[in-house]
file protein08.cif (mmCIF, C-alpha atoms and all ligand atoms)
data_my_file
loop_
_atom_site.label_atom_id
_atom_site.label_comp_id
_atom_site.auth_asym_id
_atom_site.auth_seq_id
_atom_site.Cartn_x
_atom_site.Cartn_y
_atom_site.Cartn_z
CA MET A 1222 0.00 0.00 0.00
CA PRO A 1223 1.27 3.50 -0.78
CA ARG A 1224 1.85 5.45 2.40
CA ARG A 1225 3.51 8.64 3.49
CA THR A 1226 6.90 7.36 4.63
CA HIS A 1227 10.50 8.23 3.96
CA GLY A 1228 13.41 7.09 1.80
CA GLU A 1229 12.76 4.89 -1.18
CA ASP A 1230 9.01 5.00 -0.70
CA ARG A 1231 8.88 8.71 -1.45
CA LYS A 1232 8.49 8.22 -5.18
CA ARG A 1233 5.38 6.11 -4.67
CA ILE A 1234 3.87 8.79 -2.47
CA VAL A 1235 4.20 11.40 -5.14
CA THR A 1236 2.45 9.16 -7.67
CA THR A 1237 -0.42 8.24 -5.31
CA LYS A 1238 -3.56 9.89 -6.53
CA PHE A 1239 -5.65 11.66 -3.90
CA ILE A 1240 -9.13 10.14 -3.96
CA LYS A 1241 -11.76 12.85 -3.65
CA VAL A 1242 -14.84 12.17 -1.56
CA ALA A 1243 -17.24 13.75 -4.08
CA LYS A 1244 -17.12 15.10 -7.61
CA PRO A 1245 -19.67 16.44 -10.11
CA PHE A 1246 -20.05 14.54 -13.42
CA VAL A 1247 -20.28 17.07 -16.19
CA GLY A 1248 -18.96 16.74 -19.73
CA GLU A 1249 -19.28 17.84 -23.34
CA GLU A 1250 -23.01 17.14 -23.47
CA GLU A 1251 -23.71 19.69 -20.72
CA VAL A 1252 -21.33 22.15 -22.38
CA ALA A 1253 -23.18 21.78 -25.70
CA ALA A 1254 -26.59 22.22 -24.04
CA ILE A 1255 -25.46 25.36 -22.20
CA ARG A 1256 -23.81 26.77 -25.33
CA GLU A 1257 -27.05 26.39 -27.24
CA VAL A 1258 -28.94 28.37 -24.59
CA LEU A 1259 -26.27 31.07 -24.38
CA LEU A 1260 -26.42 31.63 -28.12
CA SER A 1261 -30.23 31.53 -28.18
CA GLY A 1262 -30.48 34.72 -26.09
CA SER A 1263 -33.39 33.27 -24.07
CA TYR A 1264 -32.26 32.90 -20.47
CA VAL A 1265 -35.33 33.06 -18.24
CA SER A 1266 -38.76 31.39 -18.09
CA GLY A 1267 -38.40 29.59 -21.42
CA ASP A 1268 -38.70 26.12 -22.92
CA LYS A 1269 -35.79 24.53 -21.07
CA VAL A 1270 -37.19 25.21 -17.60
CA ALA A 1271 -40.62 23.95 -18.69
CA GLU A 1272 -39.11 20.79 -20.18
CA PHE A 1273 -36.89 20.16 -17.16
CA GLU A 1274 -39.92 20.47 -14.88
CA ARG A 1275 -41.95 18.06 -17.01
CA ARG A 1276 -39.19 15.46 -17.17
CA PHE A 1277 -38.34 15.76 -13.48
CA ALA A 1278 -42.01 15.32 -12.55
CA ASP A 1279 -42.15 12.18 -14.77
CA TYR A 1280 -38.95 10.85 -13.22
CA ILE A 1281 -40.23 11.23 -9.65
CA GLY A 1282 -43.73 10.13 -10.62
CA VAL A 1283 -45.65 13.26 -9.62
CA ARG A 1284 -48.02 15.56 -11.51
CA HIS A 1285 -46.14 18.82 -10.97
CA ALA A 1286 -42.57 20.03 -10.59
CA VAL A 1287 -41.57 23.66 -10.08
CA ALA A 1288 -37.94 24.63 -10.74
CA VAL A 1289 -36.25 27.18 -8.47
CA ASN A 1290 -32.72 28.45 -7.89
CA SER A 1291 -31.71 26.35 -4.86
CA GLY A 1292 -32.79 23.52 -2.59
CA THR A 1293 -33.22 26.08 0.18
CA ALA A 1294 -35.59 28.12 -2.00
CA ALA A 1295 -37.50 24.90 -2.78
CA LEU A 1296 -38.07 24.28 0.95
CA HIS A 1297 -38.92 27.91 1.67
CA ILE A 1298 -41.40 28.15 -1.20
CA ALA A 1299 -42.96 24.74 -0.49
CA LEU A 1300 -43.67 25.86 3.09
CA GLU A 1301 -45.20 29.14 1.93
CA ALA A 1302 -47.21 27.50 -0.84
CA ILE A 1303 -48.70 25.09 1.71
CA GLY A 1304 -49.56 28.06 3.91
CA ILE A 1305 -47.12 27.67 6.79
CA GLY A 1306 -46.39 30.95 8.58
CA LYS A 1307 -46.19 32.89 11.85
CA GLY A 1308 -47.15 31.01 14.97
CA ASP A 1309 -46.95 27.61 13.29
CA GLU A 1310 -44.67 24.81 14.39
CA VAL A 1311 -42.83 22.52 12.00
CA ILE A 1312 -41.25 19.27 13.18
CA VAL A 1313 -37.72 18.73 11.86
CA PRO A 1314 -34.77 16.38 12.48
CA PRO A 1315 -31.69 17.68 14.36
CA LEU A 1316 -29.29 15.86 12.01
CA THR A 1317 -29.46 17.55 8.60
CA PHE A 1318 -28.13 20.54 6.71
CA PHE A 1319 -29.21 23.84 8.28
CA ALA A 1320 -31.37 24.82 5.28
CA THR A 1321 -34.04 22.37 6.50
CA ILE A 1322 -34.40 24.69 9.52
CA SER A 1323 -33.68 28.09 7.98
CA SER A 1324 -36.54 27.66 5.51
CA VAL A 1325 -38.91 27.16 8.46
CA LEU A 1326 -37.54 30.33 10.08
CA TYR A 1327 -37.90 32.32 6.82
CA VAL A 1328 -41.68 31.80 6.87
CA GLY A 1329 -41.87 32.88 10.53
CA ALA A 1330 -42.62 29.40 11.88
CA VAL A 1331 -40.79 27.66 14.72
CA PRO A 1332 -38.73 24.51 14.15
CA VAL A 1333 -39.50 21.81 16.73
CA PHE A 1334 -36.92 19.06 16.90
CA ALA A 1335 -37.77 15.37 17.22
CA ASP A 1336 -35.21 12.57 17.50
CA ILE A 1337 -33.78 10.34 14.78
CA ASP A 1338 -33.80 6.56 14.38
CA LEU A 1339 -30.41 4.92 14.81
CA ASP A 1340 -30.80 2.41 11.98
CA ASP A 1341 -31.20 4.99 9.21
CA LEU A 1342 -30.24 8.26 11.01
CA CYS A 1343 -33.43 9.86 9.64
CA LEU A 1344 -36.21 11.61 11.59
CA SER A 1345 -38.19 9.09 13.69
CA HIS A 1346 -41.96 9.09 13.20
CA GLU A 1347 -42.37 7.66 16.70
CA SER A 1348 -40.43 10.54 18.22
CA THR A 1349 -42.21 13.01 15.91
CA GLU A 1350 -45.62 11.98 17.26
CA LYS A 1351 -44.56 13.00 20.79
CA TYR A 1352 -43.92 16.57 19.61
CA ILE A 1353 -47.17 17.12 17.72
CA SER A 1354 -49.17 20.00 19.24
CA PRO A 1355 -52.21 21.96 18.06
CA LYS A 1356 -49.70 24.38 16.49
CA THR A 1357 -47.94 21.72 14.38
CA LYS A 1358 -48.61 22.57 10.75
CA ALA A 1359 -45.98 20.53 8.89
CA ILE A 1360 -43.42 17.73 9.31
CA ILE A 1361 -40.17 17.69 7.32
CA PRO A 1362 -38.51 14.27 7.23
CA VAL A 1363 -35.09 14.44 5.52
CA HIS A 1364 -33.98 11.45 3.44
CA LEU A 1365 -30.49 11.67 4.89
CA PHE A 1366 -27.35 10.56 3.04
CA GLY A 1367 -29.51 8.97 0.31
CA CYS A 1368 -31.55 6.73 2.64
CA ALA A 1369 -35.34 7.14 2.76
CA ALA A 1370 -36.95 8.03 6.08
CA LYS A 1371 -39.67 5.62 7.21
CA MET A 1372 -42.41 7.23 5.15
CA ALA A 1373 -45.18 4.76 6.01
CA GLY A 1374 -45.02 6.09 9.56
CA PHE A 1375 -45.09 9.73 8.44
CA ILE A 1376 -47.96 9.16 6.02
CA SER A 1377 -50.00 7.57 8.77
CA LEU A 1378 -49.19 10.49 11.15
CA SER A 1379 -50.21 12.88 8.40
CA GLY A 1380 -53.57 11.11 8.02
CA LYS A 1381 -54.17 10.80 11.76
CA TYR A 1382 -53.46 14.47 12.59
CA GLY A 1383 -54.14 16.15 9.23
CA ILE A 1384 -50.61 17.56 9.04
CA PRO A 1385 -48.85 17.84 5.66
CA VAL A 1386 -45.48 16.17 5.16
CA ILE A 1387 -42.76 17.90 3.13
CA GLU A 1388 -39.98 15.53 2.12
CA ASP A 1389 -36.51 17.12 2.02
CA CYS A 1390 -35.00 15.08 -0.82
CA ALA A 1391 -31.86 17.21 -1.29
CA GLN A 1392 -29.74 14.11 -0.62
CA ALA A 1393 -31.99 11.52 -2.25
CA HIS A 1394 -32.54 11.98 -6.01
CA GLY A 1395 -33.86 8.62 -7.18
CA THR A 1396 -34.06 7.05 -3.70
CA GLU A 1397 -37.09 4.75 -3.42
CA TYR A 1398 -39.33 3.76 -0.56
CA ASN A 1399 -41.53 0.67 -1.12
CA GLY A 1400 -40.82 0.92 -4.84
CA LYS A 1401 -41.78 4.59 -5.13
CA LYS A 1402 -39.44 7.53 -5.59
CA VAL A 1403 -39.14 9.89 -2.64
CA GLY A 1404 -40.47 13.35 -3.39
CA GLY A 1405 -43.87 11.98 -4.38
CA LEU A 1406 -44.92 10.46 -1.07
CA GLY A 1407 -45.97 13.52 0.93
CA LYS A 1408 -47.71 16.82 0.20
CA ALA A 1409 -44.53 18.10 -1.47
CA GLY A 1410 -40.91 17.11 -2.03
CA THR A 1411 -37.92 19.41 -2.40
CA PHE A 1412 -34.65 18.77 -4.24
CA SER A 1413 -31.30 20.55 -4.54
CA PHE A 1414 -29.03 20.57 -7.60
CA PHE A 1415 -26.00 21.98 -5.76
CA ALA A 1416 -22.65 20.82 -7.16
CA THR A 1417 -22.10 17.87 -4.81
CA LYS A 1418 -25.58 16.31 -5.06
CA HIS A 1419 -26.50 13.25 -7.16
CA MET A 1420 -27.12 15.56 -10.13
CA THR A 1421 -26.27 19.23 -10.47
CA THR A 1422 -27.08 22.49 -12.22
CA GLY A 1423 -24.36 24.34 -10.26
CA GLU A 1424 -27.03 25.83 -8.01
CA GLY A 1425 -30.68 24.93 -8.38
CA GLY A 1426 -33.69 23.23 -6.84
CA MET A 1427 -37.09 21.69 -7.53
CA ILE A 1428 -40.42 21.33 -5.75
CA THR A 1429 -42.43 18.20 -6.57
CA THR A 1430 -46.11 17.75 -5.72
CA ASN A 1431 -49.35 16.11 -6.82
CA ASP A 1432 -51.35 19.08 -5.53
CA PRO A 1433 -52.13 21.57 -8.35
CA HIS A 1434 -52.79 24.36 -5.84
CA VAL A 1435 -49.36 23.95 -4.21
CA ALA A 1436 -47.70 23.93 -7.66
CA GLU A 1437 -49.58 27.03 -8.76
CA GLU A 1438 -48.76 28.96 -5.57
CA ALA A 1439 -45.10 27.89 -5.84
CA ARG A 1440 -44.92 29.23 -9.41
CA ILE A 1441 -46.32 32.56 -8.24
CA ILE A 1442 -44.04 32.82 -5.17
CA ARG A 1443 -40.83 32.07 -7.12
CA ASN A 1444 -41.69 34.80 -9.63
CA HIS A 1445 -42.19 38.00 -7.56
CA GLY A 1446 -45.63 36.87 -6.42
CA MET A 1447 -46.96 37.60 -9.90
CA SER A 1448 -50.05 35.77 -11.09
CA SER A 1449 -49.82 37.61 -14.42
CA PRO A 1450 -47.70 40.53 -15.61
CA ASP A 1451 -48.36 43.52 -13.32
CA VAL A 1452 -50.58 41.55 -10.97
CA HIS A 1453 -48.76 40.91 -7.69
CA GLU A 1454 -51.01 38.52 -5.84
CA ARG A 1455 -48.86 37.93 -2.78
CA LEU A 1456 -45.36 38.68 -1.51
CA GLY A 1457 -43.00 36.64 -3.63
CA TYR A 1458 -39.31 36.49 -4.45
CA ASN A 1459 -37.05 36.08 -7.40
CA ASN A 1460 -36.19 32.42 -7.00
CA ARG A 1461 -36.44 31.39 -10.66
CA MET A 1462 -34.18 28.84 -12.28
CA THR A 1463 -32.41 30.06 -15.43
CA GLU A 1464 -32.63 28.38 -18.84
CA ILE A 1465 -28.88 27.75 -18.60
CA GLU A 1466 -29.31 25.74 -15.42
CA ALA A 1467 -32.34 23.89 -16.78
CA ALA A 1468 -30.45 22.92 -19.96
CA MET A 1469 -27.69 21.46 -17.76
CA GLY A 1470 -30.29 19.79 -15.55
CA LEU A 1471 -31.92 18.06 -18.53
CA VAL A 1472 -28.62 16.42 -19.46
CA GLN A 1473 -27.87 15.51 -15.84
CA LEU A 1474 -31.32 14.01 -15.36
CA LYS A 1475 -30.74 11.72 -18.35
CA LYS A 1476 -27.55 10.50 -16.66
CA LEU A 1477 -29.00 10.24 -13.16
CA ASP A 1478 -29.94 6.55 -13.18
CA ASP A 1479 -26.50 5.53 -14.49
CA LEU A 1480 -24.72 7.79 -12.00
CA ASN A 1481 -26.84 6.40 -9.16
CA LYS A 1482 -26.18 2.82 -10.28
CA LYS A 1483 -22.42 3.43 -10.04
CA ARG A 1484 -22.80 5.29 -6.74
CA ILE A 1485 -24.77 2.36 -5.26
CA GLU A 1486 -22.37 -0.28 -6.64
CA ASN A 1487 -19.33 1.60 -5.31
CA SER A 1488 -20.88 2.08 -1.87
CA GLU A 1489 -22.05 -1.52 -1.56
CA TYR A 1490 -18.67 -2.79 -2.76
CA ILE A 1491 -16.89 -0.87 0.01
CA LEU A 1492 -19.46 -1.42 2.77
CA GLU A 1493 -19.75 -5.18 2.20
CA ARG A 1494 -16.00 -5.52 2.56
CA ILE A 1495 -15.59 -3.42 5.68
CA ARG A 1496 -18.75 -4.43 7.56
CA ALA A 1497 -16.95 -7.34 9.25
CA LEU A 1498 -14.05 -5.19 10.54
CA SER A 1499 -14.19 -5.03 14.33
CA TRP A 1500 -14.13 -1.22 14.48
CA ALA A 1501 -16.61 -0.52 11.69
CA GLU A 1502 -20.27 0.22 12.16
CA VAL A 1503 -22.29 0.58 8.99
CA PRO A 1504 -25.92 1.78 9.04
CA VAL A 1505 -28.16 -0.81 7.40
CA ALA A 1506 -30.99 0.33 5.12
CA SER A 1507 -34.24 -1.60 5.47
CA ASN A 1508 -35.53 -3.76 2.62
CA SER A 1509 -38.19 -1.21 1.78
CA VAL A 1510 -35.52 1.35 0.80
CA ARG A 1511 -33.53 1.72 -2.40
CA HIS A 1512 -30.64 3.70 -0.90
CA THR A 1513 -28.79 5.95 -3.38
CA TYR A 1514 -25.82 6.63 -1.08
CA PHE A 1515 -25.41 10.38 -1.28
CA TRP A 1516 -22.89 9.42 1.38
CA CYS A 1517 -21.14 6.11 1.93
CA PRO A 1518 -21.44 6.30 5.72
CA VAL A 1519 -19.31 4.54 8.32
CA MET A 1520 -18.92 4.97 12.07
CA VAL A 1521 -16.21 3.81 14.49
CA ARG A 1522 -17.47 1.50 17.25
CA PRO A 1523 -16.49 3.08 20.58
CA GLU A 1524 -15.86 -0.35 22.14
CA SER A 1525 -13.14 -1.00 19.52
CA GLY A 1526 -10.84 1.41 21.38
CA LYS A 1527 -10.31 3.36 18.17
CA THR A 1528 -11.60 6.84 17.48
CA ILE A 1529 -12.98 8.71 14.51
CA ASP A 1530 -10.10 11.20 14.77
CA GLU A 1531 -7.63 8.34 14.34
CA LEU A 1532 -9.56 7.09 11.32
CA LYS A 1533 -9.52 10.58 9.79
CA GLU A 1534 -5.77 10.82 10.34
CA HIS A 1535 -5.27 7.39 8.77
CA LEU A 1536 -7.33 8.32 5.70
CA LYS A 1537 -5.50 11.64 5.37
CA ASN A 1538 -2.12 9.92 5.55
CA ASN A 1539 -3.23 7.62 2.77
CA GLU A 1540 -4.54 10.32 0.44
CA ILE A 1541 -8.19 9.36 0.80
CA GLY A 1542 -10.83 12.09 1.10
CA PHE A 1543 -13.78 11.92 3.48
CA ARG A 1544 -16.45 14.15 4.94
CA GLN A 1545 -17.69 14.46 8.48
CA ARG A 1546 -20.96 16.18 9.17
CA TYR A 1547 -23.03 17.10 11.09
CA GLN A 1548 -20.93 17.99 14.13
CA GLU A 1549 -23.72 19.25 16.40
CA PRO A 1550 -27.46 18.70 16.61
CA LEU A 1551 -28.93 21.71 14.82
CA TYR A 1552 -30.68 22.95 17.97
CA ARG A 1553 -27.20 23.94 19.24
CA GLN A 1554 -26.37 26.31 16.39
CA ASN A 1555 -25.46 29.81 17.59
CA VAL A 1556 -27.84 31.57 15.25
CA LEU A 1557 -30.90 30.23 17.07
CA LYS A 1558 -29.97 32.00 20.31
CA LYS A 1559 -29.36 35.20 18.38
CA ILE A 1560 -32.92 35.14 17.07
CA ASP A 1561 -34.25 34.45 20.57
CA LEU A 1562 -35.08 30.79 20.18
CA ASP A 1563 -34.14 28.88 23.29
CA TYR A 1564 -33.44 25.21 22.73
CA SER A 1565 -31.27 24.81 25.84
CA HIS A 1566 -33.76 22.28 27.25
CA VAL A 1567 -33.64 20.12 24.10
CA ASN A 1568 -31.60 16.96 24.33
CA LEU A 1569 -32.42 14.18 21.88
CA PRO A 1570 -30.42 11.10 22.87
CA ASN A 1571 -30.12 9.35 19.49
CA ALA A 1572 -29.05 12.51 17.71
CA GLU A 1573 -26.61 13.33 20.53
CA SER A 1574 -25.10 9.86 20.27
CA VAL A 1575 -24.22 10.08 16.55
CA VAL A 1576 -23.36 13.73 15.83
CA GLY A 1577 -19.79 14.09 14.63
CA LYS A 1578 -19.41 10.29 14.50
CA VAL A 1579 -20.35 9.58 10.88
CA LEU A 1580 -17.69 9.67 8.16
CA GLY A 1581 -18.59 9.72 4.48
CA LEU A 1582 -16.18 7.69 2.34
CA PRO A 1583 -15.51 8.35 -1.37
CA ASN A 1584 -18.18 6.63 -3.51
CA HIS A 1585 -18.65 8.92 -6.52
CA PRO A 1586 -19.32 7.40 -9.95
CA GLY A 1587 -15.82 8.21 -11.25
CA LEU A 1588 -13.99 5.80 -8.93
CA THR A 1589 -12.19 2.85 -10.54
CA LYS A 1590 -11.99 -0.67 -9.11
CA GLN A 1591 -8.38 0.12 -8.14
CA ASP A 1592 -9.55 3.20 -6.22
CA LEU A 1593 -12.20 1.14 -4.41
CA ASP A 1594 -9.72 -1.62 -3.56
CA ARG A 1595 -7.23 0.95 -2.29
CA ILE A 1596 -9.91 2.48 -0.04
CA ILE A 1597 -10.78 -0.98 1.31
CA ASP A 1598 -7.12 -1.92 1.91
CA VAL A 1599 -6.52 1.32 3.77
CA LEU A 1600 -9.62 0.74 5.92
CA LYS A 1601 -8.50 -2.83 6.65
CA GLU A 1602 -5.13 -1.52 7.84
CA PHE A 1603 -6.81 0.78 10.36
C1 LIG A 1701 -28.08 20.57 0.16
C2 LIG A 1701 -29.21 20.52 1.11
C3 LIG A 1701 -30.18 21.53 1.16
C4 LIG A 1701 -30.02 22.87 0.50
O1 LIG A 1701 -29.84 22.86 -0.85
P1 LIG A 1701 -29.13 24.15 -1.55
O2 LIG A 1701 -29.37 23.86 -3.00
O3 LIG A 1701 -27.69 24.10 -1.18
O4 LIG A 1701 -29.81 25.37 -1.10
C5 LIG A 1701 -31.30 21.34 1.97
N1 LIG A 1701 -31.45 20.23 2.71
C6 LIG A 1701 -30.51 19.25 2.70
C7 LIG A 1701 -30.74 18.03 3.52
C8 LIG A 1701 -29.36 19.37 1.92
O5 LIG A 1701 -28.44 18.40 1.93
#

call {"tool": "encode", "arguments": {"input": "protein08.cif", "output": "structure tokens"}}
result
Amino acid sequence: MPRRTHGEDRKRIVTTKFIKVAKPFVGEEEVAAIREVLLSGSYVSGDKVAEFERRFADYIGVRHAVAVNSGTAALHIALEAIGIGKGDEVIVPPLTFFATISSVLYVGAVPVFADIDLDDLCLSHESTEKYISPKTKAIIPVHLFGCAAKMAGFISLSGKYGIPVIEDCAQAHGTEYNGKKVGGLGKAGTFSFFATKHMTTGEGGMITTNDPHVAEEARIIRNHGMSSPDVHERLGYNNRMTEIEAAMGLVQLKKLDDLNKKRIENSEYILERIRALSWAEVPVASNSVRHTYFWCPVMVRPESGKTIDELKEHLKNNEIGFRQRYQEPLYRQNVLKKIDLDYSHVNLPNAESVVGKVLGLPNHPGLTKQDLDRIIDVLKEF
């Protein structure tokens, strides 16, 4: 194995390729599609956005898709389109990217944290039920790291209490739950096309829904609240996706299934081979989930006597990239205190037990068999 050592080994070190943890897959086809738009002179609200929306809706299996300029905007607009606002409470997981929470704050609602399940690290519907109050107006399960949250539980909560579910699918493009794509299981789904996600438009996002009213409101909100030129129906924003982004998205969407297939194969190849290592703990997706491995997640068993910091050091020394998020439950973020939200009493044991303990290993579609075997060998040496 190549390692950072001295003397005659130095030459090998120099030739060892650093393996990146994530990488966008963009080539000549995207360049050609963008070039065509640039030369067309039509950059906003044109055919490409409409076609991207139609094809994305077909892919997810929903009636409507509304393209916007980020995953955060998708969440924000979905909440507003559903009518969430001041005085409302929205139940969210503590282990996710902050945008899941900031979108709730943008509409003037209060995020209420429920705990996660340890098998999939997603929001727990059992914990969620304990936090439902008369003020609860939405639940946002996040399909974390590419694994679907237990949607059967959320759909039954939604029916029992009449509370809409918004799926945050920013890490789960193509993930399936009981044979159906996530993003079509609740009232609305939201996606991000940021550079590191399963597919990208640089920046970008999408709202998916079967509800024509939600789709219509979302279209108005993303476009200055205009229902027609010069008629401003409600307070909106400029959160439109450009034709340039949509043209790139159309090409990426065509590639998505192939990219996901590679991502899944790479992740399963690594995880199957390291699962038996005494220090390694690998979350196991249930049979009802087609996991798309936004992350290839691994944890270090505390009883092994090894630590995650040692694993990070070992990977670094061997030129292997990784990521480590989220380091704190979101209810501990400084910003919340600054806007007078006091979560000091909140302590969710499952979330507390895993924050900062999950490492994402490289699994992107560009890895070769040699790369994968090198990753596995390095992990076996740990
Ligand atoms: C990436 C991400 C978002 C935000 O998407 P942007 O396009 O970066 O605004 C929201 N939620 C989750 C879970 C994410 O991973």

call {"tool": "atom_distance", "arguments": {"input": "protein08.cif", "atom1": "atom CA of Lys1418 of chain A", "atom2": "atom CA of Asp1478 of chain A"}}
result
13.4 Å

call {"tool": "closest_residue", "arguments": {"input": "protein08.cif", "among": "A:Ile1281, A:Val1270, A:Ala1369, A:Val1258", "to": "ligand LIG 1701 (chain A)", "atoms": "only C-alpha atoms and all ligand atoms"}}
result
A:Ala1369

call {"tool": "residues_around", "arguments": {"input": "protein08.cif", "residues": "Ser1323 of chain A", "least_positions_apart": "4", "cutoff": "10 Å", "atoms": "all atoms listed in the file", "output": "list of chain:residue names"}}
result
A:Thr1293, A:Leu1296, A:His1297, A:Phe1318, A:Phe1319, A:Tyr1327, A:Val1328, A:Gly1329, A:Ala1330, A:Val1331, A:Pro1332, A:Val1556, A:Leu1557

call {"tool": "closest_residue", "arguments": {"input": "protein08.cif", "among": "A:Lys1527, A:Gly1425, A:Cys1390, A:Val1283", "to": "Ile1465 of chain A", "atoms": "all atoms listed in the file"}}
result
A:Gly1425

call {"tool": "residues_around", "arguments": {"input": "protein08.cif", "residues": "Leu1532 of chain A", "least_positions_apart": "3", "cutoff": "12 Å", "atoms": "only C-alpha atoms", "output": "PDB file with C-alpha atoms, in the coordinates of the input"}}
result
ATOM      1  CA  TRP A1500     -14.130  -1.220  14.480  1.00  0.00           C
ATOM      2  CA  ALA A1501     -16.610  -0.520  11.690  1.00  0.00           C
ATOM      3  CA  VAL A1519     -19.310   4.540   8.320  1.00  0.00           C
ATOM      4  CA  MET A1520     -18.920   4.970  12.070  1.00  0.00           C
ATOM      5  CA  VAL A1521     -16.210   3.810  14.490  1.00  0.00           C
ATOM      6  CA  ARG A1522     -17.470   1.500  17.250  1.00  0.00           C
ATOM      7  CA  GLY A1526     -10.840   1.410  21.380  1.00  0.00           C
ATOM      8  CA  LYS A1527     -10.310   3.360  18.170  1.00  0.00           C
ATOM      9  CA  THR A1528     -11.600   6.840  17.480  1.00  0.00           C
ATOM     10  CA  ILE A1529     -12.980   8.710  14.510  1.00  0.00           C
ATOM     11  CA  HIS A1535      -5.270   7.390   8.770  1.00  0.00           C
ATOM     12  CA  LEU A1536      -7.330   8.320   5.700  1.00  0.00           C
ATOM     13  CA  LYS A1537      -5.500  11.640   5.370  1.00  0.00           C
ATOM     14  CA  ASN A1538      -2.120   9.920   5.550  1.00  0.00           C
ATOM     15  CA  ASN A1539      -3.230   7.620   2.770  1.00  0.00           C
ATOM     16  CA  ILE A1541      -8.190   9.360   0.800  1.00  0.00           C
ATOM     17  CA  GLY A1542     -10.830  12.090   1.100  1.00  0.00           C
ATOM     18  CA  PHE A1543     -13.780  11.920   3.480  1.00  0.00           C
ATOM     19  CA  ARG A1544     -16.450  14.150   4.940  1.00  0.00           C
ATOM     20  CA  GLN A1545     -17.690  14.460   8.480  1.00  0.00           C
ATOM     21  CA  LYS A1578     -19.410  10.290  14.500  1.00  0.00           C
ATOM     22  CA  VAL A1579     -20.350   9.580  10.880  1.00  0.00           C
ATOM     23  CA  LEU A1580     -17.690   9.670   8.160  1.00  0.00           C
ATOM     24  CA  GLY A1581     -18.590   9.720   4.480  1.00  0.00           C
ATOM     25  CA  LEU A1582     -16.180   7.690   2.340  1.00  0.00           C
ATOM     26  CA  VAL A1599      -6.520   1.320   3.770  1.00  0.00           C
ATOM     27  CA  LEU A1600      -9.620   0.740   5.920  1.00  0.00           C
ATOM     28  CA  LYS A1601      -8.500  -2.830   6.650  1.00  0.00           C
ATOM     29  CA  GLU A1602      -5.130  -1.520   7.840  1.00  0.00           C
ATOM     30  CA  PHE A1603      -6.810   0.780  10.360  1.00  0.00           C
TER      31      PHE A1603
END

call {"tool": "axis_aligned_box", "arguments": {"input": "protein08.cif", "around": "ligand LIG 1701 (chain A)", "padding_each_side": "4 Å", "output": "lines of an AutoDock Vina configuration file"}}
result
center_x = -29.6
center_y = 21.7
center_z = 0.3
size_x = 11.8
size_y = 15.3
size_z = 14.5
